[in-house]
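> Below you'll find entry.txt; it's compact mmCIF, C-alpha atoms and all ligand atoms.
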```txt
# COMPACT_ATOMS: atom_id res chain seq x y z
CA MET A 28 78.30 121.25 94.42
CA ASP A 29 78.67 120.34 98.07
CA PHE A 30 82.21 119.19 98.92
CA SER A 31 81.61 118.74 102.65
CA ARG A 32 82.68 115.49 104.27
CA VAL A 33 80.12 112.92 105.34
CA GLU A 34 80.63 111.73 108.91
CA LEU A 35 80.13 107.97 108.95
CA SER A 36 78.11 106.45 111.77
CA ALA A 37 79.63 103.57 113.74
CA GLN A 38 77.38 101.16 111.83
CA ASP A 39 78.45 102.57 108.47
CA ARG A 40 82.10 102.32 109.46
CA ALA A 41 81.53 98.71 110.48
CA PHE A 42 79.84 98.09 107.11
CA GLN A 43 82.82 99.62 105.31
CA GLN A 44 85.27 97.54 107.29
CA GLU A 45 83.35 94.33 106.70
CA LEU A 46 83.07 95.08 102.97
CA ARG A 47 86.79 95.87 102.73
CA GLU A 48 87.69 92.60 104.41
CA PHE A 49 85.28 90.70 102.18
CA LEU A 50 86.73 92.26 99.02
CA THR A 51 90.33 91.84 100.14
CA ALA A 52 89.77 88.13 100.61
CA LEU A 53 87.85 87.81 97.34
CA VAL A 54 89.63 90.10 94.88
CA THR A 55 93.09 88.66 95.28
CA ASP A 56 96.20 89.63 93.31
CA GLU A 57 95.66 86.45 91.34
CA VAL A 58 92.09 87.53 90.39
CA ILE A 59 93.39 90.92 89.24
CA ARG A 60 96.30 89.38 87.36
CA ARG A 61 93.97 86.97 85.55
CA ASP A 62 91.58 89.79 84.72
CA ARG A 63 94.36 91.91 83.18
CA GLU A 64 95.52 88.88 81.24
CA THR A 65 92.13 87.81 79.90
CA GLY A 66 90.69 91.32 79.49
CA GLU A 67 87.27 89.95 80.43
CA ASN A 68 86.34 92.42 83.18
CA PHE A 69 84.55 89.52 84.80
CA ASP A 70 85.32 86.77 87.28
CA GLU A 71 82.62 84.23 87.92
CA THR A 72 83.83 83.25 91.39
CA VAL A 73 83.86 86.90 92.46
CA HIS A 74 80.47 87.56 90.88
CA LEU A 75 78.82 84.54 92.53
CA ALA A 76 80.35 85.39 95.91
CA LEU A 77 79.00 88.96 95.73
CA GLY A 78 75.61 87.51 94.84
CA ALA A 79 75.66 84.93 97.64
CA ALA A 80 76.60 87.61 100.19
CA GLY A 81 73.57 89.68 99.13
CA TYR A 82 75.65 92.58 97.78
CA LEU A 83 74.28 92.36 94.22
CA ALA A 84 70.69 92.47 95.53
CA ALA A 85 71.49 95.38 97.88
CA ASP A 86 73.09 97.29 95.01
CA TYR A 87 70.24 96.56 92.61
CA ARG A 88 67.39 97.43 94.95
CA SER A 89 66.42 100.90 96.06
CA GLU A 90 66.58 101.72 99.77
CA ALA A 91 62.78 101.42 99.95
CA GLU A 92 63.05 97.89 98.52
CA GLY A 93 65.68 96.89 101.10
CA GLY A 94 68.75 97.95 99.14
CA PHE A 95 71.65 100.17 100.25
CA ASP A 96 70.87 103.62 101.60
CA ALA A 97 72.71 106.53 99.96
CA VAL A 98 75.75 106.42 102.29
CA ARG A 99 76.25 102.67 102.00
CA ARG A 100 75.76 102.78 98.24
CA ARG A 101 78.56 105.35 98.06
CA ILE A 102 80.80 103.24 100.31
CA TRP A 103 79.99 100.20 98.18
CA GLU A 104 80.84 101.94 94.90
CA LEU A 105 84.09 103.32 96.25
CA GLU A 106 85.25 100.06 97.81
CA ILE A 107 84.37 97.90 94.83
CA GLY A 108 86.39 100.30 92.64
CA ARG A 109 89.31 100.56 95.06
CA ALA A 110 89.59 96.78 95.28
CA GLY A 111 90.03 96.64 91.48
CA THR A 112 87.10 94.23 91.25
CA PRO A 113 86.47 92.78 87.75
CA TRP A 114 83.10 94.31 87.74
CA PHE A 115 81.87 95.92 84.54
CA HIS A 116 79.59 93.01 83.65
CA TRP A 117 77.36 93.72 86.64
CA GLY A 118 76.58 97.19 85.25
CA THR A 119 75.23 95.78 81.98
CA THR A 120 73.39 92.99 83.78
CA ALA A 121 71.68 95.42 86.17
CA MET A 122 70.85 97.82 83.35
CA VAL A 123 69.21 95.11 81.23
CA ALA A 124 67.40 93.65 84.26
CA ARG A 125 65.83 97.07 84.91
CA SER A 126 64.58 97.20 81.32
CA VAL A 127 63.17 93.69 81.60
CA GLN A 128 61.43 94.63 84.85
CA ALA A 129 59.99 97.80 83.33
CA PHE A 130 58.91 96.41 79.95
CA GLY A 131 59.05 92.59 80.02
CA ALA A 132 56.36 89.96 80.68
CA PRO A 133 55.87 89.39 84.44
CA GLU A 134 56.62 85.64 84.05
CA LEU A 135 59.95 86.44 82.41
CA VAL A 136 60.81 88.90 85.19
CA GLU A 137 59.97 86.24 87.77
CA ARG A 138 62.09 83.69 85.94
CA ILE A 139 65.27 85.74 85.60
CA MET A 140 65.43 88.06 88.62
CA PRO A 141 66.45 85.49 91.28
CA GLY A 142 69.36 84.38 89.06
CA VAL A 143 70.37 87.97 88.31
CA LEU A 144 70.55 88.82 92.00
CA SER A 145 72.36 85.60 92.96
CA GLY A 146 74.90 86.22 90.20
CA GLU A 147 74.06 83.06 88.29
CA LEU A 148 72.43 84.87 85.37
CA ARG A 149 74.31 87.54 83.47
CA LEU A 150 72.85 89.74 80.75
CA CYS A 151 74.82 91.39 77.98
CA LEU A 152 74.17 94.07 75.38
CA GLY A 153 73.56 93.30 71.71
CA TYR A 154 73.31 96.79 70.24
CA THR A 155 76.30 97.47 67.98
CA GLU A 156 76.40 95.94 64.51
CA PRO A 157 79.40 95.36 62.26
CA GLU A 158 78.40 98.33 60.10
CA GLY A 159 78.23 100.84 62.95
CA GLY A 160 77.33 101.34 66.56
CA SER A 161 77.01 105.06 67.26
CA ASP A 162 73.64 105.24 65.59
CA VAL A 163 72.14 102.21 67.34
CA ALA A 164 68.76 102.66 65.69
CA THR A 165 70.27 101.73 62.31
CA CYS A 166 69.78 98.05 62.97
CA LYS A 167 69.92 95.36 60.30
CA THR A 168 69.41 92.30 62.52
CA ARG A 169 65.94 91.12 61.56
CA ALA A 170 63.23 89.46 63.63
CA VAL A 171 60.19 88.06 61.81
CA ARG A 172 57.18 86.25 63.24
CA ASP A 173 57.53 82.49 62.97
CA ALA A 174 54.97 80.43 61.07
CA GLY A 175 52.94 79.58 64.21
CA GLY A 176 52.89 83.19 65.36
CA SER A 177 54.03 82.36 68.92
CA GLY A 178 57.62 83.32 68.40
CA TRP A 179 60.18 85.08 66.24
CA ILE A 180 63.02 84.09 63.97
CA VAL A 181 66.12 86.25 64.33
CA ASN A 182 68.87 86.62 61.76
CA GLY A 183 71.83 88.98 61.87
CA SER A 184 75.05 89.75 63.71
CA LYS A 185 76.23 92.02 66.49
CA MET A 186 79.69 93.44 67.03
CA PHE A 187 81.35 93.92 70.44
CA THR A 188 78.88 91.78 72.41
CA SER A 189 81.06 92.01 75.50
CA ASN A 190 80.84 89.16 77.96
CA ALA A 191 78.41 87.17 75.79
CA HIS A 192 80.57 84.13 76.61
CA ASN A 193 79.93 84.70 80.34
CA ALA A 194 76.25 85.62 79.95
CA GLN A 195 73.05 83.63 79.63
CA TYR A 196 71.00 86.24 77.75
CA VAL A 197 71.63 89.04 75.28
CA PHE A 198 69.46 92.16 75.18
CA LEU A 199 69.08 92.33 71.43
CA ILE A 200 67.94 95.19 69.21
CA THR A 201 66.16 93.85 66.17
CA ASN A 202 64.47 95.41 63.20
CA THR A 203 60.89 94.20 62.80
CA ASP A 204 59.79 96.62 60.08
CA PRO A 205 62.52 97.34 57.51
CA ASN A 206 60.18 99.66 55.59
CA GLY A 207 59.11 101.65 58.65
CA PRO A 208 60.64 104.88 60.02
CA LYS A 209 63.95 104.15 61.77
CA HIS A 210 62.78 104.76 65.33
CA GLN A 211 59.49 102.91 64.85
CA SER A 212 60.95 99.73 63.41
CA LEU A 213 62.82 98.33 66.41
CA THR A 214 61.83 95.53 68.79
CA MET A 215 63.88 94.42 71.79
CA PHE A 216 64.30 90.79 72.86
CA LEU A 217 66.04 89.00 75.70
CA VAL A 218 67.55 86.14 73.71
CA PRO A 219 68.85 83.04 75.55
CA LEU A 220 72.44 82.64 74.40
CA ASP A 221 72.17 78.85 74.43
CA SER A 222 69.53 78.98 71.68
CA PRO A 223 70.33 76.94 68.54
CA GLY A 224 71.72 79.27 65.87
CA VAL A 225 73.64 81.58 68.24
CA GLU A 226 77.36 81.66 67.64
CA ILE A 227 79.84 83.59 69.78
CA GLN A 228 83.29 84.37 68.38
CA PRO A 229 85.96 86.09 70.47
CA ILE A 230 87.50 89.42 69.52
CA ARG A 231 90.57 90.78 71.24
CA THR A 232 90.77 94.56 71.10
CA VAL A 233 94.05 96.44 70.71
CA ASP A 234 94.10 97.26 74.41
CA GLY A 235 93.73 93.62 75.43
CA ASP A 236 90.00 93.57 76.19
CA ARG A 237 88.10 90.41 75.32
CA THR A 238 84.81 91.03 73.58
CA ASN A 239 82.83 89.10 70.94
CA ILE A 240 81.09 89.14 67.64
CA THR A 241 77.79 87.26 67.88
CA PHE A 242 75.92 85.68 64.98
CA TYR A 243 72.22 84.81 64.94
CA THR A 244 71.11 82.33 62.28
CA ASP A 245 67.42 81.40 62.30
CA VAL A 246 67.34 81.75 66.08
CA ARG A 247 63.86 81.08 67.43
CA VAL A 248 62.81 83.33 70.30
CA ASP A 249 59.52 82.95 72.17
CA ASP A 250 57.30 85.99 72.12
CA ASP A 251 57.40 86.11 75.92
CA HIS A 252 61.07 87.08 75.58
CA ARG A 253 60.06 90.27 73.75
CA ILE A 254 60.78 93.34 75.88
CA GLY A 255 58.23 96.05 75.16
CA PRO A 256 55.92 96.49 72.19
CA VAL A 257 56.57 95.33 68.64
CA ASN A 258 58.19 98.26 66.80
CA GLY A 259 58.24 100.10 70.15
CA GLY A 260 61.82 99.14 70.99
CA TRP A 261 63.18 102.69 70.79
CA ALA A 262 61.32 103.74 73.96
CA VAL A 263 62.70 100.67 75.78
CA LEU A 264 66.20 101.31 74.52
CA ARG A 265 66.12 105.00 75.33
CA GLU A 266 65.66 104.27 79.05
CA ALA A 267 68.57 101.83 79.04
CA LEU A 268 70.73 104.28 77.09
CA LYS A 269 70.05 107.01 79.63
CA VAL A 270 71.54 104.78 82.31
CA GLU A 271 74.51 103.92 80.10
CA HIS A 272 75.06 107.60 79.27
CA GLY A 273 74.74 108.60 82.93
CA THR A 274 71.94 111.08 82.23
CA VAL A 275 69.42 109.68 84.74
CA ALA A 276 67.85 112.02 87.30
CA ARG A 277 69.89 112.35 90.49
CA ASP A 278 68.50 112.05 94.03
CA ASP A 279 69.21 114.91 96.44
CA SER A 280 71.55 113.00 98.79
CA GLY A 281 74.55 114.44 96.96
CA LEU A 282 76.17 111.03 97.27
CA GLN A 283 75.09 109.43 94.04
CA LYS A 284 77.73 108.26 91.60
CA LEU A 285 78.64 111.37 89.64
CA ALA A 286 79.07 109.79 86.23
CA THR A 287 79.33 106.44 84.51
CA MET A 288 82.77 104.81 84.54
CA THR A 289 83.88 106.43 87.78
CA GLU A 290 85.46 103.03 88.58
CA HIS A 291 87.95 103.74 85.80
CA ILE A 292 88.99 107.04 87.32
CA THR A 293 89.24 105.46 90.78
CA LEU A 294 91.67 102.93 89.29
CA THR A 295 93.57 105.77 87.65
CA ALA A 296 93.70 107.69 90.95
CA THR A 297 95.16 104.65 92.69
CA VAL A 298 97.90 104.45 90.06
CA VAL A 299 98.63 108.20 90.28
CA ASP A 300 98.85 107.99 94.09
CA ARG A 301 101.27 105.10 93.84
CA ILE A 302 103.45 106.91 91.31
CA ALA A 303 103.41 110.06 93.44
CA GLY A 304 104.93 107.94 96.20
CA ILE A 305 107.86 106.74 94.08
CA VAL A 306 108.93 109.69 91.88
CA GLU A 307 110.05 113.27 92.50
CA PRO A 308 107.10 115.68 92.30
CA GLY A 309 107.11 117.70 89.08
CA TYR A 310 104.95 119.65 86.67
CA ARG A 311 103.59 116.70 84.73
CA LEU A 312 102.64 114.76 87.84
CA GLY A 313 100.99 117.89 89.26
CA ARG A 314 99.05 118.36 86.05
CA ALA A 315 97.94 114.72 86.13
CA VAL A 316 96.66 115.14 89.70
CA ALA A 317 94.80 118.35 88.81
CA ARG A 318 93.19 116.74 85.74
CA LEU A 319 92.28 113.72 87.85
CA GLU A 320 90.57 115.85 90.50
CA ALA A 321 88.63 117.74 87.84
CA ALA A 322 87.49 114.51 86.17
CA MET A 323 86.47 113.01 89.51
CA SER A 324 84.34 116.07 90.24
CA SER A 325 82.59 116.36 86.85
CA PRO A 326 79.03 115.04 86.75
CA ASP A 327 76.87 113.27 84.16
CA MET A 328 77.93 113.38 80.51
CA TYR A 329 80.67 115.91 81.33
CA GLY A 330 82.12 113.41 83.78
CA ARG A 331 81.90 110.61 81.24
CA VAL A 332 83.93 112.70 78.77
CA ALA A 333 86.32 114.10 81.39
CA ILE A 334 87.12 110.64 82.77
CA ALA A 335 88.01 109.06 79.42
CA GLN A 336 89.82 112.13 78.08
CA THR A 337 91.82 112.54 81.30
CA MET A 338 92.87 108.90 81.26
CA ARG A 339 93.96 109.22 77.63
CA ASP A 340 95.90 112.43 78.32
CA ILE A 341 97.65 111.60 81.57
CA ALA A 342 98.53 107.92 81.02
CA PRO A 343 101.35 108.72 78.52
CA ASP A 344 102.68 111.37 80.94
CA LEU A 345 102.69 108.87 83.78
CA MET A 346 104.57 106.33 81.67
CA ASP A 347 107.10 109.01 80.67
CA ILE A 348 107.61 110.01 84.28
CA LEU A 349 108.39 106.39 85.14
CA GLY A 350 110.85 106.01 82.28
CA THR A 351 111.13 103.07 79.90
CA ALA A 352 110.16 100.53 82.59
CA GLY A 353 106.80 102.36 82.73
CA ALA A 354 105.88 100.77 79.40
CA LEU A 355 106.17 97.23 80.77
CA PRO A 356 102.86 95.52 81.57
CA GLU A 357 101.85 94.06 84.90
CA GLY A 358 103.52 90.77 85.67
CA THR A 359 106.63 91.61 83.63
CA ALA A 360 109.95 91.60 85.49
CA GLY A 361 111.07 95.17 86.12
CA ALA A 362 107.71 96.81 85.34
CA ALA A 363 107.66 100.22 87.04
CA ASP A 364 104.69 100.78 89.34
CA GLY A 365 103.66 97.14 88.81
CA GLY A 366 102.49 98.05 85.28
CA GLY A 367 99.71 100.34 86.55
CA ALA A 368 100.30 103.27 84.19
CA GLU A 369 100.68 100.94 81.23
CA TYR A 370 97.31 99.36 82.08
CA ILE A 371 95.60 102.76 82.35
CA TYR A 372 97.12 103.68 78.98
CA ARG A 373 95.47 100.64 77.39
CA LEU A 374 92.20 101.00 79.30
CA ALA A 375 91.86 104.66 78.29
CA SER A 376 91.30 103.88 74.66
CA PRO A 377 88.11 101.75 74.92
CA THR A 378 86.85 103.88 77.82
CA GLY A 379 86.34 106.62 75.25
CA ILE A 380 84.51 104.24 72.90
CA TYR A 381 82.23 101.79 74.65
CA GLY A 382 78.83 103.03 75.72
CA GLY A 383 79.28 105.82 73.15
CA THR A 384 82.37 107.52 71.76
CA LEU A 385 83.78 110.78 73.09
CA GLU A 386 82.84 112.53 69.84
CA VAL A 387 79.24 111.40 70.18
CA PHE A 388 79.12 112.52 73.83
CA ARG A 389 80.59 115.90 72.94
CA ASN A 390 77.89 116.30 70.31
CA MET A 391 75.25 115.35 72.89
CA ILE A 392 76.61 117.97 75.31
CA ALA A 393 76.64 120.54 72.51
CA ALA A 394 73.05 119.80 71.52
CA GLN A 395 71.41 118.95 74.86
CA ALA A 396 73.30 121.16 77.32
CA LEU A 397 74.48 124.04 75.18
CA GLY A 398 71.56 124.14 72.75
CA LEU A 399 73.83 124.21 69.71
CA PRO A 400 72.47 123.01 66.36
CA ARG A 401 73.26 119.55 65.03
CA PRO A 402 76.70 119.40 63.46
CA ILE A 403 76.92 119.44 59.68
CA TYR A 404 79.68 117.22 58.39
CA LEU A 405 79.24 118.11 54.73
CA PRO A 406 81.90 120.40 53.28
CA PRO A 407 80.72 124.00 52.82
CA LYS A 408 79.05 124.70 49.48
CA GLY A 409 81.57 125.05 46.67
CA VAL A 410 84.22 122.98 48.51
CA ARG A 411 84.75 119.49 47.16
C1 LIG B 501 85.88 97.07 74.23
C2 LIG B 501 84.52 97.39 73.68
C3 LIG B 501 83.40 96.81 74.26
C4 LIG B 501 82.12 97.07 73.75
N1 LIG B 501 81.05 96.43 74.30
C5 LIG B 501 79.84 96.54 73.70
C6 LIG B 501 78.74 95.74 74.12
O1 LIG B 501 78.84 94.98 75.09
N2 LIG B 501 77.58 95.79 73.43
C7 LIG B 501 77.42 96.62 72.35
O2 LIG B 501 76.33 96.63 71.77
N3 LIG B 501 78.43 97.42 71.94
C8 LIG B 501 79.63 97.39 72.58
N4 LIG B 501 80.68 98.14 72.13
C9 LIG B 501 80.48 98.98 70.98
C10 LIG B 501 80.52 100.46 71.25
O3 LIG B 501 79.36 100.90 71.91
C11 LIG B 501 80.72 101.11 69.88
O4 LIG B 501 82.04 100.78 69.48
C12 LIG B 501 80.53 102.60 69.90
O5 LIG B 501 79.20 102.94 70.16
C13 LIG B 501 80.96 103.21 68.56
O6 LIG B 501 80.39 102.51 67.50
P1 LIG B 501 81.32 101.94 66.32
O7 LIG B 501 82.51 101.26 66.91
O8 LIG B 501 80.45 101.14 65.41
O9 LIG B 501 81.86 103.23 65.59
P2 LIG B 501 81.08 104.12 64.53
O10 LIG B 501 79.71 104.41 65.02
O11 LIG B 501 81.21 103.47 63.19
O12 LIG B 501 81.94 105.44 64.60
C14 LIG B 501 83.20 105.56 63.92
C15 LIG B 501 83.80 106.92 64.25
O13 LIG B 501 82.90 107.97 63.83
C16 LIG B 501 82.58 108.82 64.93
N5 LIG B 501 81.16 109.18 64.86
C17 LIG B 501 80.11 108.35 64.62
N6 LIG B 501 78.96 109.04 64.67
C18 LIG B 501 79.27 110.32 64.98
C19 LIG B 501 78.52 111.50 65.20
N7 LIG B 501 77.19 111.53 65.11
N8 LIG B 501 79.20 112.64 65.50
C20 LIG B 501 80.55 112.65 65.60
N9 LIG B 501 81.32 111.56 65.41
C21 LIG B 501 80.70 110.41 65.11
C22 LIG B 501 82.84 108.00 66.18
O14 LIG B 501 83.18 108.84 67.26
C23 LIG B 501 84.03 107.15 65.76
O15 LIG B 501 85.23 107.86 65.92
C24 LIG B 501 81.97 97.95 72.65
C25 LIG B 501 83.10 98.56 72.08
C26 LIG B 501 84.36 98.30 72.58
C27 LIG B 501 85.55 98.94 71.94
```
Just give me the structure as structure tokens.


Amino acid sequence: MDFSRVELSAQDRAFQQELREFLTALVTDEVIRRDRETGENFDETVHLALGAAGYLAADYRSEAEGGFDAVRRRIWELEIGRAGTPWFHWGTTAMVARSVQAFGAPELVERIMPGVLSGELRLCLGYTEPEGGSDVATCKTRAVRDAGGSGWIVNGSKMFTSNAHNAQYVFLITNTDPNGPKHQSLTMFLVPLDSPGVEIQPIRTVDGDRTNITFYTDVRVDDDHRIGPVNGGWAVLREALKVEHGTVARDDSGLQKLATMTEHITLTATVVDRIAGIVEPGYRLGRAVARLEAAMSSPDMYGRVAIAQTMRDIAPDLMDILGTAGALPEGTAGAADGGGAEYIYRLASPTGIYGGTLEVFRNMIAAQALGLPRPIYLPPKGVR
């Protein structure tokens, strides 16, 4: 790994300055306070402003298509994280948009892309079902051809459809061949969330996040909203999952985001820095900083695991260091460190769940990177 510093050109420094000023004016204390309170990880005003200023398009597009070059992309990712921008919904929107572009009908791509890049259209993920999410291919939500043959009728439910209430479409895994082999029975759709028969119910997680359960009752979806071949959904999904898992091929600039969810560790680093400025240095703070540095330097799936595990491990230490007032949330009178450590403590829990649990990632590392055999969860023979 190359740890050398990148010297910014005058133009890049000007870009950074302009972006900082833009974000400072946009992501106000009030925006952050509201985000912590609602747990939505989304703010429409912020999202639309980033779209109108062309930042969403520049982030989405490659340099060859007119998007950020590697240095500006890095600046962008760091600044958006440092500002504490309610931001996670853009990641899912961009990920789904890429799948639609790669596998969807050209007319559908043409219809949605302008809205995606302006911020007006948001796309959410409908993978997990009430009976289990780790094995996404075990999907019970059914899609069957409608009588006329020009569309599909969808019935089922999805758990944890985050931001469905702020989105216009859900990228839905359906089963179109219940008797077929698991990975050859899936079909993906981009379902308009204002379709009759879609119901969105809020769920508040233990850490204060707002997500949803979504129900689909005789929802009619046009065939031109199918993404990829019938029963060929696994190949479509696999590409999107690679992005979510952070296992996509890296360019050779050395500047690419190291792992998914680096925004979470940037937030954590900001809190640790602040705490380091108000308490006496000690072993536990030193350990937190060392763990933080290691997590920030770990790439791909290792980074994904290191980030969530580090947050889970150091947040209680940070709260202890601050004393009892460290357990008070942001906005509460007397909260130590403005409630930062308490927020990281709550954020750490879902960070190790959404997009795949830590256990599942550790198994993927064991199998894909270390070449270990698949785990066997059955008790050894003779043990009951
Ligand atoms: C706040 C939040 C937001 C989310 N947002 C979305 C979203 O927008 N869209 C969406 O589709 N989903 C979303 N999810 C769902 C998330 O992806 C799933 O929760 C996750 O994949 C785990 O699935 P599950 O909760 O059904 O747990 P299960 O799959 O039922 O797992 C239960 C337990 O068993 C363990 N386990 C399961 N399989 C294995 C295995 N093979 N090896 C070892 N251990 C295993 C898991 O680690 C876990 O501890 C969200 C979840 C949360 C908490």

> Each residue of chain A with at least one atom at most 8 Å from ligand LIG 501 (chain B) should appear once, together with its nearest atom pair and the corresponding distance in Å (one decimal); atoms considered: all atoms listed in the file; ordering: chain, then increasing residue number; output as a Markdown table.


```
| residue | atom | partner | partner_atom | distance |
| --- | --- | --- | --- | --- |
| A:Thr119 | CA | B:LIG501 | O1 | 7.8 |
| A:Cys151 | CA | B:LIG501 | O1 | 6.1 |
| A:Leu152 | CA | B:LIG501 | N2 | 4.3 |
| A:Gly153 | CA | B:LIG501 | O2 | 4.3 |
| A:Tyr154 | CA | B:LIG501 | O2 | 3.4 |
| A:Thr155 | CA | B:LIG501 | O2 | 3.9 |
| A:Glu156 | CA | B:LIG501 | O8 | 6.7 |
| A:Pro157 | CA | B:LIG501 | O8 | 6.7 |
| A:Glu158 | CA | B:LIG501 | O8 | 6.3 |
| A:Gly159 | CA | B:LIG501 | O8 | 3.3 |
| A:Gly160 | CA | B:LIG501 | O8 | 3.3 |
| A:Ser161 | CA | B:LIG501 | O10 | 3.6 |
| A:Asp162 | CA | B:LIG501 | O10 | 6.2 |
| A:Val163 | CA | B:LIG501 | O5 | 7.6 |
| A:Lys185 | CA | B:LIG501 | O2 | 7.0 |
| A:Met186 | CA | B:LIG501 | N3 | 6.4 |
| A:Phe187 | CA | B:LIG501 | C8 | 4.4 |
| A:Thr188 | CA | B:LIG501 | O1 | 4.2 |
| A:Ser189 | CA | B:LIG501 | O1 | 3.7 |
| A:Asn190 | CA | B:LIG501 | O1 | 6.8 |
| A:Ala191 | CA | B:LIG501 | O1 | 7.9 |
| A:Thr232 | CA | B:LIG501 | C1 | 6.3 |
| A:Asp236 | CA | B:LIG501 | C1 | 5.8 |
| A:Arg237 | CA | B:LIG501 | C1 | 7.1 |
| A:Thr238 | CA | B:LIG501 | C3 | 6.0 |
| A:Pro377 | CA | B:LIG501 | C27 | 4.8 |
| A:Thr378 | CA | B:LIG501 | C1 | 7.8 |
| A:Ile380 | CA | B:LIG501 | C12 | 5.2 |
| A:Tyr381 | CA | B:LIG501 | C10 | 4.0 |
| A:Gly382 | CA | B:LIG501 | O3 | 4.4 |
| A:Gly383 | CA | B:LIG501 | O5 | 4.2 |
| A:Thr384 | CA | B:LIG501 | O14 | 4.8 |
| A:Leu385 | CA | B:LIG501 | O14 | 6.2 |
| A:Glu386 | CA | B:LIG501 | O14 | 4.5 |
| A:Val387 | CA | B:LIG501 | N8 | 4.8 |
| A:Asn390 | CA | B:LIG501 | N8 | 6.2 |
| A:Pro402 | CA | B:LIG501 | N8 | 7.5 |
```

> Any chance you could work out the axis-aligned box around segment 192-198 of chain A, listed atoms only, 6 Å on each side, giving centre and edge lengths in Å to one decimal, as lines of an AutoDock Vina configuration file?


```
center_x = 75.0
center_y = 87.9
center_z = 77.8
size_x = 23.1
size_y = 20.5
size_z = 17.2
```

> May I have the residues within 6 Å of segment 250-256 of chain A as a PyMOL selection string, using only C-alpha atoms and disregarding those fewer than 3 positions away in the same chain?

chain A and resi 130-131+177-178+215-217+259

> Just want the 8 Å neighbourhood of Asn258 of chain A, counted on all atoms listed in the file, with same-chain residues fewer than 5 positions away dropped. Output as a ChimeraX atom specification.

/A:202-204,211-214

> In terms of the shortest atom-to-atom distance over all atoms listed in the file, which of A:Val127, A:Met140, A:Asp278, A:Tyr404 is closest to Glu90 of chain A?

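Among A:Val127, A:Met140, A:Asp278, A:Tyr404, it is A:Asp278 that comes nearest to Glu90 of chain A.
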
> Atom CA of Glu67 of chain A and atom CA of Ala124 of chain A, how far apart in Å?

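Result for atom CA of Ala124 of chain A versus atom CA of Glu67 of chain A: 20.6 Å, one decimal.
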
> Separation of atom CA of Ala97 of chain A and atom CA of Ala333 of chain A, in Å?

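Here the two named atoms are 24.2 Å from each other.
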
> Of the residues A:Asn239, A:Thr289, A:Ser31, A:Ser126, which is the one nearest to Glu266 of chain A, using all atoms listed in the file?

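Checking each of A:Asn239, A:Thr289, A:Ser31, A:Ser126 against Glu266 of chain A, counting all atoms listed in the file, the winner is A:Ser126.
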
> Between A:Gly207, A:Gly398, A:Gly358, A:Gly78, which residue has the minimum interatomic distance to Asp56 of chain A, considering all atoms listed in the file?

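The answer is A:Gly358, which sits nearest to Asp56 of chain A.
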
> Tell me which of A:Thr201, A:Gln195, A:Gln336, A:Gln43 sits closest to Val98 of chain A, counting all atoms listed in the file.

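Answer, going by the shortest atom-to-atom distance: A:Gln43.
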
> Which value, in Å to one decimal, gives the distance between atom CA of Glu45 of chain A and atom CA of Glu92 of chain A?

22.2 Å

> Report the closest atom pair, with its distance in Å rounded to one decimal, for each residue of segment 300-357 of chain A that has an atom no farther than 10 Å from segment 281-286 of chain A; count only C-alpha atoms, sort by chain and then rising residue number, and write it as JSON lines.


```
{"residue": "A:Ala322", "atom": "CA", "partner": "A:Ala286", "partner_atom": "CA", "distance": 9.7}
{"residue": "A:Met323", "atom": "CA", "partner": "A:Leu285", "partner_atom": "CA", "distance": 8.0}
{"residue": "A:Ser324", "atom": "CA", "partner": "A:Leu285", "partner_atom": "CA", "distance": 7.4}
{"residue": "A:Ser325", "atom": "CA", "partner": "A:Leu285", "partner_atom": "CA", "distance": 6.9}
{"residue": "A:Pro326", "atom": "CA", "partner": "A:Leu285", "partner_atom": "CA", "distance": 4.7}
{"residue": "A:Asp327", "atom": "CA", "partner": "A:Ala286", "partner_atom": "CA", "distance": 4.6}
{"residue": "A:Met328", "atom": "CA", "partner": "A:Ala286", "partner_atom": "CA", "distance": 6.8}
{"residue": "A:Tyr329", "atom": "CA", "partner": "A:Ala286", "partner_atom": "CA", "distance": 8.0}
{"residue": "A:Gly330", "atom": "CA", "partner": "A:Ala286", "partner_atom": "CA", "distance": 5.3}
{"residue": "A:Arg331", "atom": "CA", "partner": "A:Ala286", "partner_atom": "CA", "distance": 5.8}
{"residue": "A:Val332", "atom": "CA", "partner": "A:Ala286", "partner_atom": "CA", "distance": 9.4}
{"residue": "A:Ala333", "atom": "CA", "partner": "A:Ala286", "partner_atom": "CA", "distance": 9.7}
{"residue": "A:Ile334", "atom": "CA", "partner": "A:Ala286", "partner_atom": "CA", "distance": 8.8}
```

> Residues near Tyr196 of chain A, anyone? I mean within 10 Å using only C-alpha atoms, not counting same-chain ones fewer than 3 positions away, as a ChimeraX atom specification.

/A:120,123,139,148-153,191-193,199,216-222

> Taking all atoms listed in the file into account, name the residue in A:His210, A:Val143, A:Pro223, A:His272 that is nearest to Ala194 of chain A.

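Nearest to Ala194 of chain A: A:Val143.
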
> Can you tell me, as a PyMOL selection string, which residues sit within 7 Å of (72.4, 100.2, 84.6) in the file's frame, using only C-alpha atoms?

chain A and resi 118-119+121-123+267+270-271

> Nearest to Gly146 of chain A among A:Asp70, A:Asp340, A:Glu307, A:Glu134, with distances taken over only C-alpha atoms: which residue is it?

A:Asp70

> Could you list, as a PyMOL selection string, every residue within 9 Å of Thr112 of chain A, counting only C-alpha atoms and ignoring same-chain residues fewer than 6 positions away?

chain A and resi 50+53-54+58-59+68-70+73+106
